[in-house]
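Data from input.cif: mmCIF, C-alpha atoms
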data_coords
#
loop_
_atom_site.label_atom_id
_atom_site.label_comp_id
_atom_site.auth_asym_id
_atom_site.auth_seq_id
_atom_site.Cartn_x
_atom_site.Cartn_y
_atom_site.Cartn_z
CA SER G 201 -76.99 15.51 -168.44
CA VAL G 202 -74.67 12.69 -169.51
CA ALA G 203 -73.80 12.23 -165.81
CA ASP G 204 -77.50 11.58 -164.98
CA ALA G 205 -77.72 8.88 -167.66
CA SER G 206 -74.40 7.37 -166.58
CA LEU G 207 -75.50 7.09 -162.93
CA SER G 208 -78.79 5.38 -163.81
CA CYS G 209 -77.00 2.96 -166.16
CA SER G 210 -74.52 2.06 -163.41
CA LEU G 211 -77.16 1.55 -160.71
CA ALA G 212 -79.23 -0.64 -163.03
CA GLN G 213 -76.38 -3.14 -163.25
CA LEU G 214 -75.93 -3.49 -159.48
CA SER G 215 -78.01 -5.72 -157.23
CA LEU G 216 -78.36 -3.30 -154.34
CA SER G 217 -80.99 -2.70 -151.71
CA LEU G 218 -81.94 0.86 -152.56
CA PRO G 219 -83.96 3.37 -150.52
CA THR G 220 -87.58 3.68 -151.61
CA ASN G 221 -87.17 7.08 -153.24
CA VAL G 222 -84.09 6.00 -155.17
CA LYS G 223 -85.79 2.75 -156.22
CA ARG G 224 -88.83 4.66 -157.52
CA TRP G 225 -86.58 7.08 -159.39
CA LEU G 226 -84.56 4.24 -160.97
CA ASP G 227 -87.62 2.17 -161.92
CA THR G 228 -89.22 5.17 -163.61
CA CYS G 229 -86.02 5.85 -165.51
CA THR G 230 -85.46 2.28 -166.70
CA ALA G 231 -89.10 1.95 -167.79
CA SER G 232 -88.71 4.91 -170.16
CA PRO G 233 -88.33 3.97 -173.86
CA SER G 234 -85.67 6.67 -174.17
CA TYR G 235 -83.56 4.86 -171.54
CA ALA G 236 -83.19 1.90 -173.90
CA ALA G 237 -81.99 4.25 -176.63
CA ALA G 238 -79.47 6.03 -174.41
CA GLY G 239 -78.32 3.42 -171.94
CA GLY G 240 -79.22 -0.10 -172.99
CA LYS G 241 -82.30 -2.29 -172.76
CA VAL G 242 -83.40 -2.91 -169.19
CA SER G 243 -85.78 -5.14 -167.30
CA ALA G 244 -86.72 -4.03 -163.81
CA SER G 245 -86.08 -6.17 -160.74
CA THR G 246 -86.55 -5.76 -157.03
CA GLY G 247 -82.88 -4.94 -156.64
CA GLY G 248 -83.19 -1.88 -158.83
CA GLY G 249 -83.12 -3.29 -162.36
CA ALA G 250 -80.66 -5.31 -164.42
CA LEU G 251 -79.33 -4.97 -167.92
CA SER G 252 -80.91 -7.42 -170.33
CA SER G 253 -80.59 -8.32 -173.98
CA GLY G 254 -84.38 -8.52 -174.25
CA ALA G 255 -86.77 -5.79 -175.33
CA ALA G 256 -87.30 -2.69 -173.23
CA PRO G 257 -90.39 -2.67 -171.02
CA ALA G 258 -93.44 -1.59 -172.94
CA ALA G 259 -94.76 1.81 -171.99
CA ASP G 260 -98.39 2.15 -170.98
CA ALA G 261 -100.56 2.30 -174.08
CA PRO G 262 -101.98 5.81 -174.57
CA ALA G 263 -105.70 6.51 -174.44
CA LEU G 264 -107.04 6.60 -177.99
CA ASP G 265 -109.68 9.34 -177.75
CA ASP G 266 -108.94 12.61 -179.53
CA ALA G 267 -108.64 14.63 -176.33
CA SER G 268 -106.02 12.29 -174.85
CA LEU G 269 -104.01 11.99 -178.07
CA THR G 270 -103.87 15.71 -178.88
CA CYS G 271 -100.99 17.62 -177.29
CA LYS G 272 -101.79 20.45 -174.92
CA TYR G 273 -101.20 23.97 -176.21
CA SER G 274 -101.07 22.82 -179.84
CA SER G 275 -104.20 24.59 -181.10
CA ALA G 276 -102.03 27.07 -183.03
CA VAL G 277 -101.07 24.25 -185.43
CA GLY G 278 -104.50 22.61 -185.45
CA GLY G 279 -103.88 20.11 -182.64
CA ARG G 280 -100.97 17.73 -183.17
CA VAL G 281 -100.30 14.19 -181.92
CA GLN G 282 -96.88 13.18 -180.61
CA ILE G 283 -95.06 10.58 -182.70
CA LYS G 284 -94.35 8.68 -179.48
CA LYS G 285 -98.08 8.13 -178.91
CA ILE G 286 -98.58 6.97 -182.51
CA ILE G 287 -95.79 4.41 -182.21
CA GLN G 288 -97.06 3.20 -178.82
CA ALA G 289 -100.61 2.76 -180.13
CA GLY G 290 -99.41 1.16 -183.39
CA GLU G 291 -102.10 -0.40 -185.56
CA ALA G 292 -104.85 0.62 -183.13
CA LEU G 293 -104.89 4.06 -184.76
CA ILE G 294 -105.12 2.83 -188.37
CA GLY G 295 -107.78 4.75 -190.27
CA ARG G 296 -107.63 7.81 -188.01
CA THR G 297 -106.98 11.29 -189.42
CA ILE G 298 -104.01 12.68 -187.50
CA ARG G 299 -101.80 15.76 -187.60
CA VAL G 300 -98.11 15.51 -186.76
CA CYS G 301 -95.54 18.29 -186.64
CA GLY G 302 -91.79 17.96 -186.55
CA TRP G 303 -88.49 18.09 -188.37
CA VAL G 304 -87.53 16.16 -191.47
CA ARG G 305 -84.84 13.55 -190.82
CA THR G 306 -84.72 12.17 -194.36
CA MET G 307 -86.51 12.99 -197.63
CA ARG G 308 -86.90 10.96 -200.85
CA ASP G 309 -88.57 12.78 -203.72
CA GLN G 310 -89.74 10.39 -206.43
CA LYS G 311 -91.74 11.16 -209.55
CA GLN G 312 -95.14 10.11 -208.21
CA VAL G 313 -94.63 10.33 -204.44
CA MET G 314 -92.49 11.91 -201.74
CA PHE G 315 -91.34 10.09 -198.59
CA LEU G 316 -90.44 11.95 -195.40
CA GLU G 317 -89.16 10.59 -192.11
CA LEU G 318 -90.46 12.96 -189.46
CA THR G 319 -89.27 13.30 -185.86
CA ASP G 320 -90.64 15.57 -183.14
CA GLY G 321 -88.27 14.78 -180.25
CA SER G 322 -90.82 12.78 -178.24
CA CYS G 323 -88.98 9.48 -178.93
CA PRO G 324 -85.91 8.26 -180.83
CA GLN G 325 -87.98 6.77 -183.66
CA GLY G 326 -89.35 8.72 -186.61
CA LEU G 327 -92.65 8.38 -188.50
CA GLN G 328 -92.72 7.84 -192.25
CA VAL G 329 -94.97 10.25 -194.13
CA VAL G 330 -96.04 9.45 -197.70
CA LEU G 331 -97.17 12.44 -199.78
CA ASP G 332 -99.11 12.38 -203.03
CA PRO G 333 -98.26 15.28 -205.38
CA ALA G 334 -101.95 16.33 -205.43
CA VAL G 335 -101.99 17.11 -201.69
CA PRO G 336 -102.45 20.82 -200.86
CA GLY G 337 -99.10 22.37 -199.93
CA TYR G 338 -97.01 19.81 -201.81
CA GLU G 339 -95.51 22.35 -204.21
CA SER G 340 -94.21 24.47 -201.32
CA LEU G 341 -91.85 21.63 -200.35
CA LYS G 342 -89.94 21.62 -203.64
CA GLY G 343 -86.31 22.52 -203.03
CA LYS G 344 -86.89 23.44 -199.38
CA CYS G 345 -87.75 20.17 -197.63
CA GLY G 346 -84.33 18.73 -196.86
CA THR G 347 -83.07 17.37 -193.55
CA GLY G 348 -83.98 19.80 -190.76
CA ALA G 349 -87.02 21.38 -192.42
CA SER G 350 -90.02 21.95 -190.15
CA VAL G 351 -93.40 20.75 -191.40
CA SER G 352 -96.96 19.96 -190.36
CA CYS G 353 -98.71 16.97 -191.96
CA LEU G 354 -102.41 16.12 -191.78
CA GLY G 355 -103.27 12.70 -193.14
CA THR G 356 -104.61 9.22 -192.50
CA LEU G 357 -102.65 6.62 -190.56
CA VAL G 358 -102.34 3.39 -192.57
CA LYS G 359 -100.58 0.05 -192.20
CA SER G 360 -97.06 0.23 -193.55
CA PRO G 361 -95.84 -2.39 -196.07
CA ALA G 362 -92.32 -2.07 -194.62
CA PRO G 363 -91.50 -4.66 -191.92
CA LYS G 364 -89.61 -2.22 -189.67
CA GLN G 365 -92.54 0.15 -189.10
CA PRO G 366 -96.12 -0.87 -188.28
CA VAL G 367 -97.80 2.33 -189.53
CA GLU G 368 -97.18 5.35 -191.72
CA LEU G 369 -99.00 8.61 -192.40
CA LEU G 370 -100.55 8.86 -195.87
CA LEU G 371 -101.40 12.26 -197.36
CA LYS G 372 -103.50 11.67 -200.45
CA GLU G 373 -107.06 13.00 -200.07
CA SER G 374 -108.28 16.51 -200.82
CA ASP G 375 -108.83 17.27 -197.12
CA HIS G 376 -105.24 16.31 -196.27
CA GLU G 377 -102.53 18.95 -196.25
CA VAL G 378 -98.84 19.59 -195.67
CA THR G 379 -97.54 22.93 -194.37
CA LEU G 380 -93.91 24.01 -194.53
CA PHE G 381 -93.08 26.00 -191.39
CA GLY G 382 -89.38 26.44 -192.13
CA GLY G 383 -87.45 25.36 -195.19
CA VAL G 384 -83.80 24.28 -195.22
CA ASP G 385 -81.10 24.56 -197.83
CA ALA G 386 -79.48 21.13 -197.87
CA GLN G 387 -76.14 22.69 -198.80
CA ASP G 388 -76.03 24.79 -195.61
CA TYR G 389 -77.60 22.51 -193.00
CA PRO G 390 -74.75 20.91 -191.00
CA MET G 391 -76.51 17.78 -189.72
CA ALA G 392 -77.26 14.64 -191.72
CA LYS G 393 -79.03 11.39 -190.83
CA GLY G 394 -75.79 9.59 -189.91
CA LYS G 395 -73.97 9.68 -186.58
CA HIS G 396 -71.94 12.70 -185.52
CA SER G 397 -69.06 12.90 -183.08
CA MET G 398 -69.58 14.63 -179.73
CA GLU G 399 -66.90 17.15 -180.72
CA PHE G 400 -68.89 18.09 -183.81
CA LEU G 401 -72.14 18.37 -181.83
CA ARG G 402 -70.45 20.75 -179.38
CA SER G 403 -69.74 23.08 -182.28
CA ILE G 404 -73.46 23.34 -183.19
CA GLY G 405 -75.06 23.76 -179.77
CA HIS G 406 -78.25 25.27 -181.24
CA LEU G 407 -78.91 22.11 -183.31
CA ARG G 408 -77.50 19.25 -181.25
CA PRO G 409 -80.79 18.52 -179.37
CA ARG G 410 -82.05 17.18 -182.72
CA SER G 411 -79.40 14.44 -182.71
CA THR G 412 -80.45 11.01 -181.47
CA ILE G 413 -77.92 10.80 -178.62
CA ILE G 414 -78.54 14.27 -177.15
CA GLY G 415 -82.31 13.89 -177.56
CA SER G 416 -82.21 10.52 -175.76
CA VAL G 417 -80.14 11.94 -172.90
CA ALA G 418 -82.62 14.80 -172.55
CA ARG G 419 -85.55 12.36 -172.33
CA VAL G 420 -83.74 10.25 -169.71
CA ARG G 421 -82.98 13.38 -167.71
CA ASN G 422 -86.63 14.41 -167.91
CA ALA G 423 -87.70 10.98 -166.60
CA LEU G 424 -85.21 11.25 -163.73
CA ALA G 425 -86.40 14.74 -162.79
CA HIS G 426 -90.06 13.69 -162.76
CA ALA G 427 -89.29 10.57 -160.70
CA THR G 428 -87.17 12.52 -158.21
CA HIS G 429 -89.83 15.12 -157.51
CA ALA G 430 -92.91 12.90 -157.84
CA PRO G 431 -94.93 12.54 -154.61
CA PRO G 432 -94.79 9.13 -152.90
CA SER G 433 -97.36 6.68 -154.25
#
Hey, can you dump this file as structure tokens for me?
Amino acid sequence: SVADASLSCSLAQLSLSLPTNVKRWLDTCTASPSYAAAGGKVSASTGGGALSSGAAPAADAPALDDASLTCKYSSAVGGRVQIKKIIQAGEALIGRTIRVCGWVRTMRDQKQVMFLELTDGSCPQGLQVVLDPAVPGYESLKGKCGTGASVSCLGTLVKSPAPKQPVELLLKESDHEVTLFGGVDAQDYPMAKGKHSMEFLRSIGHLRPRSTIIGSVARVRNALAHATHAPPS
């Protein structure tokens, strides 16, 4: 909840001698990338953490073998990889054929190529997907792939020419594919890429977890729950 995130943000600013269990809970929370998105960038300290203008602590790099990258219980969609793991691994995964599933945040349809920003809720960032018109499934996206559409993309991870993103997913070869799980009429879908007020999000409770702020709070709450109930190390 918002109260969970507020408490962890407050404790992180105080130089207190915390009990071991509380210290472990707070350190786990402040080390989460989603904490930086919801509550500010944090560097841990022996007193329980302190707010900092520097970068958030880097999460442990994921194992790069197929079994470790592939999400559990995702065989129904062909075995997907979380966007969070792709961003954490960065250029180490360049050249790998990867499937991602998620919701479209933005779409740009140009004459020779289509650009999608895809998010799956595993982290605040999205992954850019570049689709060639010859890719199987491309025609099914026409008129139905606006913000909020649900898709599966199988392609090759390549270095991105854009400075703000190290990698992007390229769908160009004959063995690549895009599958539209659920199309969206842009005229009816209430959420856009920009920010929304909390009052507006309360009016669309079935969609608000897709917003950046609510998704970040949910990830912080998940980190707090795991840290609270984790066995002592």
Selection dump of the PyMOL selection byres ((chain G and resi 322-335) around 9), as an mmCIF file with C-alpha atoms, in the coordinates of the input:
data_model
loop_
_atom_site.group_PDB
_atom_site.id
_atom_site.type_symbol
_atom_site.label_atom_id
_atom_site.label_comp_id
_atom_site.auth_asym_id
_atom_site.auth_seq_id
_atom_site.Cartn_x
_atom_site.Cartn_y
_atom_site.Cartn_z
ATOM 1 C CA PRO G 233 -88.330 3.970 -173.860
ATOM 2 C CA SER G 234 -85.670 6.670 -174.170
ATOM 3 C CA ALA G 237 -81.990 4.250 -176.630
ATOM 4 C CA GLN G 282 -96.880 13.180 -180.610
ATOM 5 C CA ILE G 283 -95.060 10.580 -182.700
ATOM 6 C CA LYS G 284 -94.350 8.680 -179.480
ATOM 7 C CA LYS G 285 -98.080 8.130 -178.910
ATOM 8 C CA ILE G 286 -98.580 6.970 -182.510
ATOM 9 C CA ILE G 287 -95.790 4.410 -182.210
ATOM 10 C CA ARG G 305 -84.840 13.550 -190.820
ATOM 11 C CA LYS G 311 -91.740 11.160 -209.550
ATOM 12 C CA GLN G 312 -95.140 10.110 -208.210
ATOM 13 C CA VAL G 313 -94.630 10.330 -204.440
ATOM 14 C CA MET G 314 -92.490 11.910 -201.740
ATOM 15 C CA PHE G 315 -91.340 10.090 -198.590
ATOM 16 C CA LEU G 316 -90.440 11.950 -195.400
ATOM 17 C CA GLU G 317 -89.160 10.590 -192.110
ATOM 18 C CA LEU G 318 -90.460 12.960 -189.460
ATOM 19 C CA THR G 319 -89.270 13.300 -185.860
ATOM 20 C CA ASP G 320 -90.640 15.570 -183.140
ATOM 21 C CA GLY G 321 -88.270 14.780 -180.250
ATOM 22 C CA PRO G 336 -102.450 20.820 -200.860
ATOM 23 C CA GLY G 337 -99.100 22.370 -199.930
ATOM 24 C CA TYR G 338 -97.010 19.810 -201.810
ATOM 25 C CA GLU G 339 -95.510 22.350 -204.210
ATOM 26 C CA CYS G 353 -98.710 16.970 -191.960
ATOM 27 C CA GLY G 355 -103.270 12.700 -193.140
ATOM 28 C CA SER G 360 -97.060 0.230 -193.550
ATOM 29 C CA GLN G 365 -92.540 0.150 -189.100
ATOM 30 C CA VAL G 367 -97.800 2.330 -189.530
ATOM 31 C CA GLU G 368 -97.180 5.350 -191.720
ATOM 32 C CA LEU G 369 -99.000 8.610 -192.400
ATOM 33 C CA LEU G 370 -100.550 8.860 -195.870
ATOM 34 C CA LEU G 371 -101.400 12.260 -197.360
ATOM 35 C CA LYS G 372 -103.500 11.670 -200.450
ATOM 36 C CA GLU G 373 -107.060 13.000 -200.070
ATOM 37 C CA SER G 374 -108.280 16.510 -200.820
ATOM 38 C CA ASP G 375 -108.830 17.270 -197.120
ATOM 39 C CA HIS G 376 -105.240 16.310 -196.270
ATOM 40 C CA GLU G 377 -102.530 18.950 -196.250
ATOM 41 C CA VAL G 378 -98.840 19.590 -195.670
ATOM 42 C CA THR G 412 -80.450 11.010 -181.470
ATOM 43 C CA ILE G 413 -77.920 10.800 -178.620
ATOM 44 C CA GLY G 415 -82.310 13.890 -177.560
ATOM 45 C CA SER G 416 -82.210 10.520 -175.760
ATOM 46 C CA ARG G 419 -85.550 12.360 -172.330
#
When you draw a straight line from atom CA of G:Ala425 to atom CA of G:Cys301, how long is it in Å?
25.8 Å
Residue contacts of G:Gly346 (6 Å, all atoms listed in the file) excluding same-chain residues fewer than 3 positions away, as a count of residues only
3
Between atom CA of G:Gln288 and atom CA of G:Pro363, what is the distance in Å, rounded to a tenth?
16.3 Å
Given the file shown, determine the residues that the PyMOL selection byres ((chain G and resi 268) around 12) selects; report them as an MDAnalysis selection string.
chainID G and resid 261:267 269:272 279:282 285:286
G:Gly295 surroundings by all atoms listed in the file, 8 Å radius, close-in-sequence under 3 positions cut, as a list in words:
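Here the qualifying residues turn out to be Thr356, Leu357 and Val358 of chain G.
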Between atom CA of G:Ser275 and atom CA of G:Val300, what distance in Å does the model show, to one decimal?
12.3 Å
To test the calculation: enclose all listed atoms of stretch 336-350 of chain G in a box whose edges run along x, y and z, add 8 Å on each side, then state centre and edge lengths in Å to one decimal, as AutoDock Vina command-line options.
--center_x -92.8 --center_y 20.9 --center_z -197.2 --size_x 35.4 --size_y 23.1 --size_z 30.1
Expansion of the PyMOL selection byres ((chain G and resi 392) around 10) into residues, as a PDB file with C-alpha atoms, in the frame of the given file:
ATOM      1  CA  ARG G 305     -84.840  13.550-190.820  1.00  0.00           C
ATOM      2  CA  THR G 306     -84.720  12.170-194.360  1.00  0.00           C
ATOM      3  CA  GLY G 346     -84.330  18.730-196.860  1.00  0.00           C
ATOM      4  CA  THR G 347     -83.070  17.370-193.550  1.00  0.00           C
ATOM      5  CA  GLY G 348     -83.980  19.800-190.760  1.00  0.00           C
ATOM      6  CA  ALA G 386     -79.480  21.130-197.870  1.00  0.00           C
ATOM      7  CA  TYR G 389     -77.600  22.510-193.000  1.00  0.00           C
ATOM      8  CA  PRO G 390     -74.750  20.910-191.000  1.00  0.00           C
ATOM      9  CA  MET G 391     -76.510  17.780-189.720  1.00  0.00           C
ATOM     10  CA  LYS G 393     -79.030  11.390-190.830  1.00  0.00           C
ATOM     11  CA  GLY G 394     -75.790   9.590-189.910  1.00  0.00           C
ATOM     12  CA  LYS G 395     -73.970   9.680-186.580  1.00  0.00           C
ATOM     13  CA  HIS G 396     -71.940  12.700-185.520  1.00  0.00           C
ATOM     14  CA  SER G 411     -79.400  14.440-182.710  1.00  0.00           C
TER      15      SER G 411
END
Nearest to G:Asn221: which of G:Arg410, G:Arg402, G:His426, G:Lys359 is it, counting all atoms listed in the file?
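Under the stated criterion, the closest residue is G:His426.
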Nearest to G:Leu293, chosen from G:Pro366, G:Gly383, G:Gly343, G:Gly278, with all atoms listed in the file counted in the distances
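Using all atoms listed in the file, the shortest distance to G:Leu293 belongs to G:Pro366.
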My list of candidates is G:Cys345, G:Leu354, G:Val277, G:Ala430. Which is closest to G:Arg296 when distances are computed with only C-alpha atoms?
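Of G:Cys345, G:Leu354, G:Val277, G:Ala430, the one nearest G:Arg296 is G:Leu354, counting only C-alpha atoms.
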With a distance cut-off of 8 Å and all atoms listed in the file, select the neighbouring residues of G:Trp225, excluding the residue or stretch itself and same-chain residues fewer than 5 positions from it, and output the selection as an NGL selection string.
:G and (424 or 427-428)
Using all atoms listed in the file, which of the listed residues (G:Ala423, G:Cys229, G:Val304, G:Leu380) sits closest to G:Lys342?
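Under the stated criterion, the closest residue is G:Leu380.
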Slice of the block: stretch 351-418 of chain G, C-alpha atoms, as a JSON list (two decimals), in the first residue's frame:
[["chain", "number", "residue", "atom", "x", "y", "z"],
["G", 351, "VAL", "CA", 1.14, -8.81, -27.30],
["G", 352, "SER", "CA", 3.83, -11.46, -27.44],
["G", 353, "CYS", "CA", 7.03, -10.72, -29.37],
["G", 354, "LEU", "CA", 9.74, -13.20, -30.37],
["G", 355, "GLY", "CA", 12.86, -11.59, -31.76],
["G", 356, "THR", "CA", 16.58, -10.93, -31.42],
["G", 357, "LEU", "CA", 17.97, -8.56, -28.82],
["G", 358, "VAL", "CA", 20.23, -5.95, -30.45],
["G", 359, "LYS", "CA", 22.14, -2.86, -29.36],
["G", 360, "SER", "CA", 19.93, 0.21, -29.50],
["G", 361, "PRO", "CA", 21.12, 3.34, -31.34],
["G", 362, "ALA", "CA", 19.18, 5.48, -28.84],
["G", 363, "PRO", "CA", 21.29, 6.73, -25.89],
["G", 364, "LYS", "CA", 18.56, 6.20, -23.27],
["G", 365, "GLN", "CA", 18.22, 2.44, -23.81],
["G", 366, "PRO", "CA", 21.08, -0.05, -24.16],
["G", 367, "VAL", "CA", 19.13, -2.73, -26.04],
["G", 368, "GLU", "CA", 15.97, -3.24, -28.06],
["G", 369, "LEU", "CA", 14.12, -6.25, -29.46],
["G", 370, "LEU", "CA", 14.25, -6.56, -33.26],
["G", 371, "LEU", "CA", 11.64, -8.63, -35.11],
["G", 372, "LYS", "CA", 12.83, -9.02, -38.69],
["G", 373, "GLU", "CA", 13.66, -12.64, -39.55],
["G", 374, "SER", "CA", 11.27, -15.30, -40.84],
["G", 375, "ASP", "CA", 11.44, -17.24, -37.57],
["G", 376, "HIS", "CA", 10.46, -14.17, -35.54],
["G", 377, "GLU", "CA", 6.81, -13.50, -34.76],
["G", 378, "VAL", "CA", 4.40, -11.15, -33.05],
["G", 379, "THR", "CA", 1.10, -12.34, -31.56],
["G", 380, "LEU", "CA", -1.75, -10.05, -30.58],
["G", 381, "PHE", "CA", -3.42, -11.43, -27.44],
["G", 382, "GLY", "CA", -5.86, -8.56, -26.95],
["G", 383, "GLY", "CA", -6.41, -5.54, -29.16],
["G", 384, "VAL", "CA", -7.44, -2.09, -27.94],
["G", 385, "ASP", "CA", -9.48, 0.65, -29.54],
["G", 386, "ALA", "CA", -7.48, 3.81, -28.87],
["G", 387, "GLN", "CA", -10.69, 5.84, -28.73],
["G", 388, "ASP", "CA", -12.06, 3.82, -25.79],
["G", 389, "TYR", "CA", -8.95, 3.06, -23.73],
["G", 390, "PRO", "CA", -8.84, 5.56, -20.83],
["G", 391, "MET", "CA", -5.11, 5.52, -20.04],
["G", 392, "ALA", "CA", -2.38, 7.25, -22.02],
["G", 393, "LYS", "CA", 1.40, 7.37, -21.59],
["G", 394, "GLY", "CA", 1.32, 10.61, -19.57],
["G", 395, "LYS", "CA", 0.74, 10.99, -15.84],
["G", 396, "HIS", "CA", -2.72, 10.61, -14.33],
["G", 397, "SER", "CA", -4.07, 12.02, -11.09],
["G", 398, "MET", "CA", -4.77, 9.66, -8.19],
["G", 399, "GLU", "CA", -8.44, 10.68, -8.37],
["G", 400, "PHE", "CA", -8.61, 9.53, -11.99],
["G", 401, "LEU", "CA", -6.83, 6.24, -11.19],
["G", 402, "ARG", "CA", -9.38, 5.53, -8.45],
["G", 403, "SER", "CA", -12.11, 5.68, -11.07],
["G", 404, "ILE", "CA", -10.47, 2.90, -13.16],
["G", 405, "GLY", "CA", -9.50, 0.39, -10.48],
["G", 406, "HIS", "CA", -9.27, -2.48, -12.98],
["G", 407, "LEU", "CA", -6.57, -0.65, -14.99],
["G", 408, "ARG", "CA", -4.64, 1.40, -12.44],
["G", 409, "PRO", "CA", -2.02, -1.34, -11.71],
["G", 410, "ARG", "CA", -0.70, -0.58, -15.22],
["G", 411, "SER", "CA", 0.18, 2.98, -14.20],
["G", 412, "THR", "CA", 3.78, 3.67, -13.20],
["G", 413, "ILE", "CA", 3.01, 4.91, -9.68],
["G", 414, "ILE", "CA", 0.65, 2.08, -8.67],
["G", 415, "GLY", "CA", 2.91, -0.53, -10.26],
["G", 416, "SER", "CA", 5.92, 0.84, -8.37],
["G", 417, "VAL", "CA", 4.04, 0.83, -5.06],
["G", 418, "ALA", "CA", 3.01, -2.78, -5.69]]
